[in-house]
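Structure record follows, encoded as structure tokens.
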Amino acid sequence: MRALVIDDSRAMRRIVGTILTGFGYEVREAGDGRLALDVLEEGYVPDLCCIDWNMPVMDGLQFVMAVRANPAYRQVTLMMVTTESETGQIVKALAAGAHEYLIKPFTADALRDKLALLGLLPEEVSA
Amino acid sequence: MTLQEAQPITTLLDTRTVQSIADEVWPSLVGDGEAFVPVPVPPPGDVVSAWVDIIGPWTGSVVVTCAPATAEALTESVLMTRPPTVVDAEDVADALGELANVLGGNIKSVLPGESRLGLPQMGVAPPHGRLDDVRSLVGQWRGNFLTITVQGAAPAPHAERDEVPL
Ligand SMILES: [Mg+2]
């Protein structure tokens, strides 16, 4: 399975990427929403995008809207991974087309639970 | 329409809430078994800070301050199991900035009303910090001086706000 980790913090990209790699994912990274769209347009269409909210250039919410506006990316599962934790923000992201929402700080187990919920946890990991 | 006097951060946020947020952030971001310990140690001569702004009914910054060497050690801890093992200034700004970002987002969520979070910044201290609107947690990480400060911005741009959050 393929993932794209989108966060303006390299440290956070590394943390999320390392956990996903441990689950057997092939992982690519992008530092903002615009760069992430570039990755998709290059033809790397992942099963999962982990998306930070607060980023320069194009934020996570704008990225979700851009991806949802393109039918070619219909199969991509979008998960917000963000420190924005108010109910209003969660509702806004889900309404824009995000499938799941993980609040920072999170544990590897919490990420695993979300992936299991989405059916995106490889069988050997969930076993 | 009501014209409310903005409440000071000491009314809006207690130290126990900040500590409980730090208790969640440290093991998740800094590493397993890591903790911010709210026991003060003498401040170093030289400090660096990373902060994020909160803009809303209460406006100010959430600031993490420590010695440059502590910031470097924190960065190494954040990146520990993940190379590159040599950290540069950009890594330090990034790791300390993300620490401020995650603390700031969680602190924002316990403040009343709807607020916006700025992007992380790095320097000695936020340029417009107020001295009379501060909730500060002075403590240590691995025995090294570290503070988490929630500090109002001057001049108070929120005095004339009258929106009612939905
Ligand atoms: Mg961010």
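Chains: A, B, ... in order of the structure tokens. Residues: from 1 per chain. Ligands: from 1, in order shown.
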How close does chain A get to ligand 1? List, as a tab-separated table, each residue of chain A within 12 Å, its nearest atom pair and the distance in Å to one decimal, counting only C-alpha atoms and all ligand atoms.
```
residue	atom	partner	partner_atom_place_in_ligand_line	distance
A:Val5	CA	ligand 1	1 (Mg)	11.8
A:Ile6	CA	ligand 1	1 (Mg)	9.0
A:Asp7	CA	ligand 1	1 (Mg)	5.6
A:Asp8	CA	ligand 1	1 (Mg)	5.0
A:Ser9	CA	ligand 1	1 (Mg)	5.9
A:Arg10	CA	ligand 1	1 (Mg)	9.6
A:Ala11	CA	ligand 1	1 (Mg)	10.5
A:Met12	CA	ligand 1	1 (Mg)	8.6
A:Arg13	CA	ligand 1	1 (Mg)	10.0
A:Ala30	CA	ligand 1	1 (Mg)	11.7
A:Gly31	CA	ligand 1	1 (Mg)	9.0
A:Asp32	CA	ligand 1	1 (Mg)	8.6
A:Gly33	CA	ligand 1	1 (Mg)	10.8
A:Cys50	CA	ligand 1	1 (Mg)	12.0
A:Ile51	CA	ligand 1	1 (Mg)	9.2
A:Asp52	CA	ligand 1	1 (Mg)	5.6
A:Trp53	CA	ligand 1	1 (Mg)	6.2
A:Asn54	CA	ligand 1	1 (Mg)	4.3
A:Met55	CA	ligand 1	1 (Mg)	4.7
A:Pro56	CA	ligand 1	1 (Mg)	8.1
A:Val57	CA	ligand 1	1 (Mg)	11.4
A:Met58	CA	ligand 1	1 (Mg)	10.9
A:Asp59	CA	ligand 1	1 (Mg)	8.5
A:Gly60	CA	ligand 1	1 (Mg)	8.9
A:Leu61	CA	ligand 1	1 (Mg)	11.9
A:Met80	CA	ligand 1	1 (Mg)	11.2
A:Val81	CA	ligand 1	1 (Mg)	9.4
A:Thr82	CA	ligand 1	1 (Mg)	7.4
A:Thr83	CA	ligand 1	1 (Mg)	8.2
A:Glu84	CA	ligand 1	1 (Mg)	9.8
A:Lys104	CA	ligand 1	1 (Mg)	10.4
```
For this session: Compute the chain B side of the contact with chain A at 9 Å, counting only C-alpha atoms, and hand it back as a VMD selection string.
Result: chain B and resid 24 to 29 75 78 to 79 82 91 94 to 95 97 to 98 101 to 106 108 to 110 114 117 to 119
Exercise. In Å, with one decimal, what is the gap from CA of Gly143 (chain B) to CA of Thr10 (chain B)?
Worked result: 26.6 Å
When you look at Thr77 (chain A) with a cut-off of 8 Å (counting only C-alpha atoms), what residues show up, excluding the ones that are within fewer than 5 positions of it in the same chain? I need them as a tab-separated table (two decimals) with N, CA and C atoms, in the first residue's frame.
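Now in selection_4.tsv:
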```tsv
chain	number	residue	atom	x	y	z
A	47	ASP	N	-2.91	5.13	-1.66
A	47	ASP	CA	-4.14	4.64	-1.02
A	47	ASP	C	-4.56	5.59	0.09
A	48	LEU	N	-3.56	6.22	0.71
A	48	LEU	CA	-3.81	7.04	1.89
A	48	LEU	C	-2.99	8.33	1.85
A	49	CYS	N	-3.66	9.44	2.17
A	49	CYS	CA	-2.94	10.69	2.44
A	49	CYS	C	-3.11	11.04	3.91
A	98	ALA	N	-12.69	14.76	3.95
A	98	ALA	CA	-11.75	13.91	4.67
A	98	ALA	C	-12.51	12.72	5.26
A	99	HIS	N	-11.85	11.55	5.31
A	99	HIS	CA	-12.51	10.34	5.81
A	99	HIS	C	-12.28	10.14	7.31
```
Problem set entry | Point-to-point distance in Å for CA of Pro120 (chain B) and CA of Pro42 (chain B) |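 Between these atoms lies a distance of 26.2 Å.
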Exercise. Which distance in Å separates CA of Tyr101 (chain A) and CA of Gly17 (chain A), to one decimal?
Worked result: 16.7 Å
For this session: Tell me which of B:Pro8, B:Gly139, B:Gly123, B:Pro40 sits closest to Thr59 (chain B), counting only C-alpha atoms.
Result: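 So, comparing all the options, the nearest one is B:Pro8.
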For this session: Could you please write out, as a ChimeraX atom specification, every residue of chain A that DSSP assigns to strand (DSSP E or B)?
Result: /A:2-6,26-30,48-51,77-82,100-103
Output file for the selection above: C-alpha atoms, as a short mmCIF file (atom, residue, chain, number, x, y, z; two decimals), in the first residue's frame:
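Generated output (again_37.cif):
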```
data_model
loop_
_atom_site.label_atom_id
_atom_site.label_comp_id
_atom_site.auth_asym_id
_atom_site.auth_seq_id
_atom_site.Cartn_x
_atom_site.Cartn_y
_atom_site.Cartn_z
CA ARG A 2 1.08 3.52 -0.73
CA ALA A 3 0.87 6.61 1.45
CA LEU A 4 1.60 10.30 1.03
CA VAL A 5 2.47 12.16 4.25
CA ILE A 6 1.80 15.90 3.99
CA GLU A 26 5.53 2.63 0.73
CA VAL A 27 5.73 6.29 1.83
CA ARG A 28 6.31 9.59 0.06
CA GLU A 29 6.33 13.02 1.68
CA ALA A 30 5.30 16.55 0.79
CA LEU A 48 -3.81 7.04 1.89
CA CYS A 49 -2.94 10.69 2.44
CA CYS A 50 -2.06 11.82 5.99
CA ILE A 51 -2.68 15.56 5.95
CA THR A 77 -8.44 7.94 1.45
CA LEU A 78 -7.84 11.26 3.19
CA MET A 79 -6.94 11.40 6.87
CA MET A 80 -6.27 14.67 8.66
CA VAL A 81 -3.39 14.42 11.14
CA THR A 82 -3.43 17.72 12.93
CA GLU A 100 -10.79 10.31 9.18
CA TYR A 101 -9.27 12.65 11.70
CA LEU A 102 -6.32 12.00 14.00
CA ILE A 103 -5.37 14.63 16.54
#
```
For this session: Name all residues at most 7 Å from region 118-127 of chain A (count only C-alpha atoms; drop same-chain ones fewer than 3 positions away) and give them as a list of chain:residue names.
Result: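 So, after excluding close chain neighbours, the residues are A:Phe23, A:Lys114, A:Leu115.
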Output all heavy atoms for every residue in that selection, as a PDB file, in the first residue's frame.
```
ATOM      1  N   PHE A  23       4.233  -0.438   9.138  1.00  0.00           N
ATOM      2  CA  PHE A  23       3.011  -1.173   8.791  1.00  0.00           C
ATOM      3  C   PHE A  23       3.084  -1.737   7.373  1.00  0.00           C
ATOM      4  O   PHE A  23       2.116  -2.302   6.877  1.00  0.00           O
ATOM      5  CB  PHE A  23       1.777  -0.256   8.889  1.00  0.00           C
ATOM      6  CG  PHE A  23       1.442   0.196  10.292  1.00  0.00           C
ATOM      7  CD1 PHE A  23       0.664   1.331  10.494  1.00  0.00           C
ATOM      8  CD2 PHE A  23       1.885  -0.512  11.405  1.00  0.00           C
ATOM      9  CE1 PHE A  23       0.340   1.755  11.783  1.00  0.00           C
ATOM     10  CE2 PHE A  23       1.566  -0.088  12.691  1.00  0.00           C
ATOM     11  CZ  PHE A  23       0.801   1.043  12.884  1.00  0.00           C
ATOM     12  N   LYS A 114      -6.949   3.860  13.590  1.00  0.00           N
ATOM     13  CA  LYS A 114      -7.627   4.607  12.522  1.00  0.00           C
ATOM     14  C   LYS A 114      -7.512   3.860  11.196  1.00  0.00           C
ATOM     15  O   LYS A 114      -8.479   3.763  10.444  1.00  0.00           O
ATOM     16  CB  LYS A 114      -7.016   6.012  12.372  1.00  0.00           C
ATOM     17  CG  LYS A 114      -7.242   6.930  13.554  1.00  0.00           C
ATOM     18  CD  LYS A 114      -8.682   7.411  13.640  1.00  0.00           C
ATOM     19  CE  LYS A 114      -8.851   8.432  14.744  1.00  0.00           C
ATOM     20  NZ  LYS A 114     -10.255   8.764  14.983  1.00  0.00           N
ATOM     21  N   LEU A 115      -6.323   3.315  10.913  1.00  0.00           N
ATOM     22  CA  LEU A 115      -6.124   2.594   9.657  1.00  0.00           C
ATOM     23  C   LEU A 115      -6.984   1.330   9.622  1.00  0.00           C
ATOM     24  O   LEU A 115      -7.566   0.985   8.589  1.00  0.00           O
ATOM     25  CB  LEU A 115      -4.645   2.231   9.478  1.00  0.00           C
ATOM     26  CG  LEU A 115      -3.693   3.404   9.283  1.00  0.00           C
ATOM     27  CD1 LEU A 115      -2.254   2.917   9.157  1.00  0.00           C
ATOM     28  CD2 LEU A 115      -4.071   4.233   8.059  1.00  0.00           C
TER      29      LEU A 115
END
```
